[in-house]
Each structure stands twice: as structure tokens, then as C-alpha cells.
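J.: I am attaching a structure below and will ask some questions about it afterwards.
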Amino acid sequence: MGKKKQTKRSKKAQKQPRKLWGTWLRKKTHPAVERLTESISFDRRLYRHDIQGSIAHAATLARVNVITEPEKRKIISGLRSVERDISEGRFQFRIENEDIHTAVELALTRKIGSVAKKLHAGRSRNDQMALDLRLWMRDEIIHIEEQVCLLQERILEHAEQTVDVPTAAFTHLQHAQPIPLAHHLLAYMEMFERDSARLLGCYARVNELPLGSGAVGGTSVPVDREFTARLLGFDSITHNSVDAVSNRDFCMEFLSTLSSLAVHLSPLPAEWTWWASPECGFIELDDAFCTGSSIMPQKKNPDALELIRGKTGRVFGDLFQVLTVMKGLPLSYNRDLQEDKEAIFDAADTIRLSLDALIPLCAKTKFNTQRITAMSERDHMDAASLAEYFVMKNVPFRDAYRIVGELVAKCIDRDIALQDLKLKDFKTACPKVEQDVYDVLGVENCLKRYQGVGSANPRNVRRELNRWRKLFEE
Ligand code: ARG
């Protein structure tokens, strides 16, 4: 009985193929090889893009009379129905189907019958996968770029409130020079603006149609590639089929762009976890963005910020995954390339999740401006301003540096600020000093004296705030 059943089953299996290949292979795929070679478990998320590409391909086949108009319509409505089945959870993905291209094509065949078998004319899974990845990546880039803009807007809102809040700018984690807090926050705007530009630059290189390259040498089916490109919104078509099926530069560029974005998502958490500490007390994080401790009932931990910082490493890992796959690979398509997907998916998911949390966290964070200002008065941060005052009185900078260093030492001994020194103390150090020395001392004076574009002068900071605001209103 068992034997009979098996024969029945294999006959059935022959009638309903589960793969797109293997007509002449005489043995069933080893289960371990099936598990090793399948990508359906992760490339299933490309189903929308796979179907989007197939719809455009069907339209192209009809345009060049490989299929008729009614066949095209049947294929397209069948594809839309498969898409609905998947998105509404009615679709069963099976490992025997190997990949998303197979799963969709076989589902289409079940739905509309043998017309579906015409769809794969003039293409291979090699150019199809290159297409799916590019379509997926375009959407991801647009989404992530929008998230970066949203984060910038939240930062800008804080900056607009803090032009008149002086703070210490740090170098080596030590008090260095006084600046408006807004100026510090606007530094993040610059970083994220470069990330945004990199994302858009990457988009331009992703936005080329690889379809029509076939498995590697092209196709004798007279596909109209320009037409397909227009349908799918590609700016251009690829110019070498060997390159088109093996090129994963766009994946490497996407991952290196996300890696630098991930790097930029780590100093803000590093800074803000510290700013939220009782020692600093510069900011108050909203409870919704903090977690507690299982043993210390009083704890409020900035775990979200820490994890955003912590997740940076996996994005680098994803970049290295693809770099390593690509290194030393001979042209053109090799199955190794299948290892690109989980890396790009993971990097995009990681960045999106981090931004999903960081954008509202940033909006809800409160700045304790009094405390921030109080800290800016400490540690003789007007010393450089004083040295530059000497320079303007024609004292060579190195001499001025030495004189001010000695004055700072005097202040430290007496536990006073530079502006607390008497005019005669200054005159003893350098006879060229006059009453106007007091105009360069203290935080307010330092800020006013910064010169030119790019500096922390509050007038310049206001100009920058206007520039950013205008940019965002556009
Ligand atoms: N799943 C493959 C990939 O992700 C695409 C299929 C190409 N397969 C093949 N035998 N040429 O790259």
C-alpha cells in the first residue's frame, strides 16, 4: 500500500512542478541541498517587487507581440490576484519552491493555467533578481531618506529653542569653548544632510533597469528595454548584460551608506545617555523611551539610546558580508550572490527601527537649559578669546598663549574666573592690556566675538537656523 501511495504522489509531483528547473536531473534534490539553496524563507519579502517587475515584463512581451493583449491582461490580473493572496496571508510559501520567482510563477500557473508559462520568455531569474533588488532598494532608500529628514526636523526644532542657551563645546570630553547649544545640535544636521545626499546618490546608481540581460548574454526575444524602464520608472538601462547580472555594487553602496548613517546614529545616543545622567542632568528623557531594572525599582534606563548605538555593529557586519561575498568572485552570476539579500534586508530593517525610535525620542526630550548654561560658565573657556585679544594688540600668538596660560594658573589658584582678575593683574602680565579686555571675557562676549560663517557666533547660528528652516519648508 505504501508503495502504491508513493507512486501516486510522484506522478502528482510530476504534473505540478515545484521548481522551474531540473527536467533532466534524475534524482530528487537532497534535503540538505534544498535547505542550503532555498532563498524563499527570506526573499519572499520581495513579492511585491517581483510582481511589479513581472507586470512590466508582461506589458513588454505584449508590446513586442510575444504574447497577445488578452494574454497580457490575463497574466497581469493573475499576478495582482497572487499579490493579494500573499498580502492577505492566504499564500503558503514552501521551501521546495526555492525562491520568490518560482513561488509567484507557479501560483500564477495554478490561477490562470498555461498562459502563465509564457511569462518567463526573454528573462532569467538572474536578471529578475537583480531587478527585484533594485526595485526594493529604491523604496527603502526613499523611506530611509524621509526618516532622516524627520529626525533632522526634530533636531532643528530643539536648535531653534536653544540659540540663547550657551553650553560648553567639548574636545577630548573636556570643556573647550563656549557655544550656543543650537550650534552643537546643528552639527547633527550637517551629518545627516550628508547621509541624505549619499542616499540620493546611491538611488541614482540603483535606478537602472537590468532586465533584458537574461541569464548573462541577453535574450533573442526582442524585448523593448527602454519601454520596460519607462514603465518601472528607471532613469536608464544597464549597458552590459554580464555586468548587469553580477553587479552588486549598488548593494555595497547601499550598505556603506547605511553604515555611515549608523555611525552617525551612535554619537547622539552616546551623548544623550551621558547628558541624561545625574552628573550632567542636561536632558530629561521621556518615560516612554526608557526602561527599568528588574532589581532596582528606582531605575530609569536609556536602553533605547544604548541599543540604537549598539546596533551600529550589525550594519557594519552586513556591509562586510556583501564585500566578502563579492571579493574574488569570477564574473558573472554565481549563486554566492544569493547571500546579498539577508545582509541588505537586515541593514535596512535595523536602520529603520533605530530611526523609528529615535525620531519620537528626540521630539520628547526636554533640555534643562538652566543647568546647561550654568556649566558653560566654568573652566576658563574664555582663555582662547583672551589670547586672541592679545593678538589683536600685536602680541605674537605664542607669547599671548603663554601669558594667558599663566593668568589661568593664577585664577585656578585663587578659584576665580578670568574676568574676576583686576586690570592691574592683566597689566602686570602684559602692559598692552587696557580696560577693553573685559569686553572679550565671559561666555556672552566670547560668543559675540566668533567671526564668520561656520562659527558659533549667535548671529551666524541664527543665519544657519534660517537656512535650515527654509530648506525644510521647501
Ligand atoms: N535566488 C537567486 C538569488 O537570490 C536567484 C536565482 C538564480 N538562480 C540560478 N540558479 N541562476 O540570487
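Chain labels run A, B, ... following the order of the C-alpha cells; each chain numbers its residues from 1, and ligands are numbered from 1 in the order shown.
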10 Å from ligand 1 is the threshold here; counting only C-alpha atoms and all ligand atoms, which polymer residues fall inside it? Answer as a ChimeraX atom specification.
T.: /A:20-21,37-40,42-43,98-102,124-130,132-133,215-216,245-246,333-342
J.: Could you list, as a PyMOL selection string, every residue within 10 Å of Ala276 (chain A), counting only C-alpha atoms and ignoring same-chain residues fewer than 5 positions away?
T.: chain A and resi 271+281-285+301-302+365-368
J.: Take the residues from that selection and write them out as a compact mmCIF listing (two decimals), in the first residue's frame, keeping N, CA, C and O atoms.
T.:
# COMPACT_ATOMS: atom_id res chain seq x y z
N GLU A 271 26.01 60.67 23.52
CA GLU A 271 25.97 61.96 24.20
C GLU A 271 24.76 62.06 25.12
O GLU A 271 24.85 62.52 26.25
N GLY A 281 22.73 65.94 33.93
CA GLY A 281 21.38 66.48 34.09
C GLY A 281 21.01 67.51 33.04
O GLY A 281 20.24 68.43 33.28
N PHE A 282 21.57 67.36 31.86
CA PHE A 282 21.29 68.33 30.78
C PHE A 282 19.93 68.07 30.13
O PHE A 282 19.31 68.98 29.62
N ILE A 283 19.54 66.79 30.10
CA ILE A 283 18.26 66.47 29.45
C ILE A 283 17.44 65.53 30.31
O ILE A 283 17.98 64.84 31.19
N GLU A 284 16.16 65.53 30.02
CA GLU A 284 15.25 64.58 30.66
C GLU A 284 14.63 63.76 29.54
O GLU A 284 14.00 64.30 28.63
N LEU A 285 14.85 62.44 29.58
CA LEU A 285 14.27 61.56 28.56
C LEU A 285 12.84 61.23 28.97
O LEU A 285 12.54 61.07 30.16
N ASN A 301 16.26 53.67 32.78
CA ASN A 301 17.43 53.46 31.92
C ASN A 301 17.22 53.89 30.48
O ASN A 301 16.14 53.67 29.92
N PRO A 302 18.26 54.44 29.87
CA PRO A 302 18.13 54.88 28.47
C PRO A 302 18.45 53.77 27.48
O PRO A 302 19.20 53.96 26.52
N THR A 365 12.31 64.73 24.13
CA THR A 365 13.37 65.01 25.10
C THR A 365 13.32 66.47 25.55
O THR A 365 13.12 67.37 24.73
N LYS A 366 13.47 66.68 26.86
CA LYS A 366 13.43 68.05 27.40
C LYS A 366 14.84 68.48 27.77
O LYS A 366 15.58 67.73 28.41
N PHE A 367 15.19 69.70 27.41
CA PHE A 367 16.51 70.24 27.76
C PHE A 367 16.41 71.07 29.03
O PHE A 367 15.55 71.94 29.15
N ASN A 368 17.29 70.79 29.97
CA ASN A 368 17.37 71.54 31.21
C ASN A 368 18.33 72.71 30.98
O ASN A 368 19.51 72.64 31.30
J.: Which residues are near region 456-470 of chain A? Cut-off 6 Å, only C-alpha atoms, ignore same chain within fewer than 4 positions. Put them as a list of chain:residue names.
T.: A:Ile179, A:Leu447, A:Lys448, A:Tyr450
J.: Can you write out the residues you just picked, keeping C-alpha atoms, as a PDB file, in the first residue's frame?
T.:
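Final file, selection_23.pdb:
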ATOM      1  CA  ILE A 179      28.973  77.820  22.068  1.00  0.00           C
ATOM      2  CA  LEU A 447      30.186  84.057  21.647  1.00  0.00           C
ATOM      3  CA  LYS A 448      29.793  87.531  20.129  1.00  0.00           C
ATOM      4  CA  TYR A 450      33.444  84.445  16.961  1.00  0.00           C
TER       5      TYR A 450
END
J.: I want to know what sits within 12 Å of region 403-420 of chain A, based on only C-alpha atoms, with residues of the same chain fewer than 6 positions away left out; could you give that as JSON, numbers by chain?
T.: {"A": [377, 378, 379, 380, 381, 382, 383, 384, 385, 386, 387, 388, 389, 390, 391, 395, 396, 397, 426, 427, 428, 429, 430, 431, 432, 433, 435, 436, 437, 438, 439, 440, 441, 442, 443, 444, 445, 446]}
J.: As a list of chain:residue names, please: every residue in region 272-381 of chain A that a backbone DSSP assignment puts in strand (DSSP E).
T.: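 For region 272-381 of chain A, the strand (DSSP E) set is A:Ile283, A:Glu284, A:Lys366, A:Phe367.
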J.: Hey, could you make a per-residue contact list for region 143-239 of chain A against region 55-66 of chain A with 7 Å as the cut-off, showing the nearest pair of atoms and its distance in Å to one decimal, counting only C-alpha atoms, sorted by chain and number, as CSV?
T.:
residue,atom,partner,partner_atom,distance
A:Pro222,CA,A:Val64,CA,6.7
A:Val223,CA,A:Thr60,CA,6.4
A:Asp224,CA,A:Thr60,CA,6.4
A:Phe227,CA,A:Thr60,CA,6.9
A:Thr228,CA,A:Ala56,CA,6.0
A:Leu231,CA,A:Ala56,CA,6.3
A:Leu232,CA,A:Ala56,CA,6.9
J.: So, counting only C-alpha atoms, which residue among A:His120, A:Lys19, A:Arg80, A:Arg134 is closest to Glu96 (chain A)?
T.: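 The closest residue to Glu96 (chain A) is A:Lys19.
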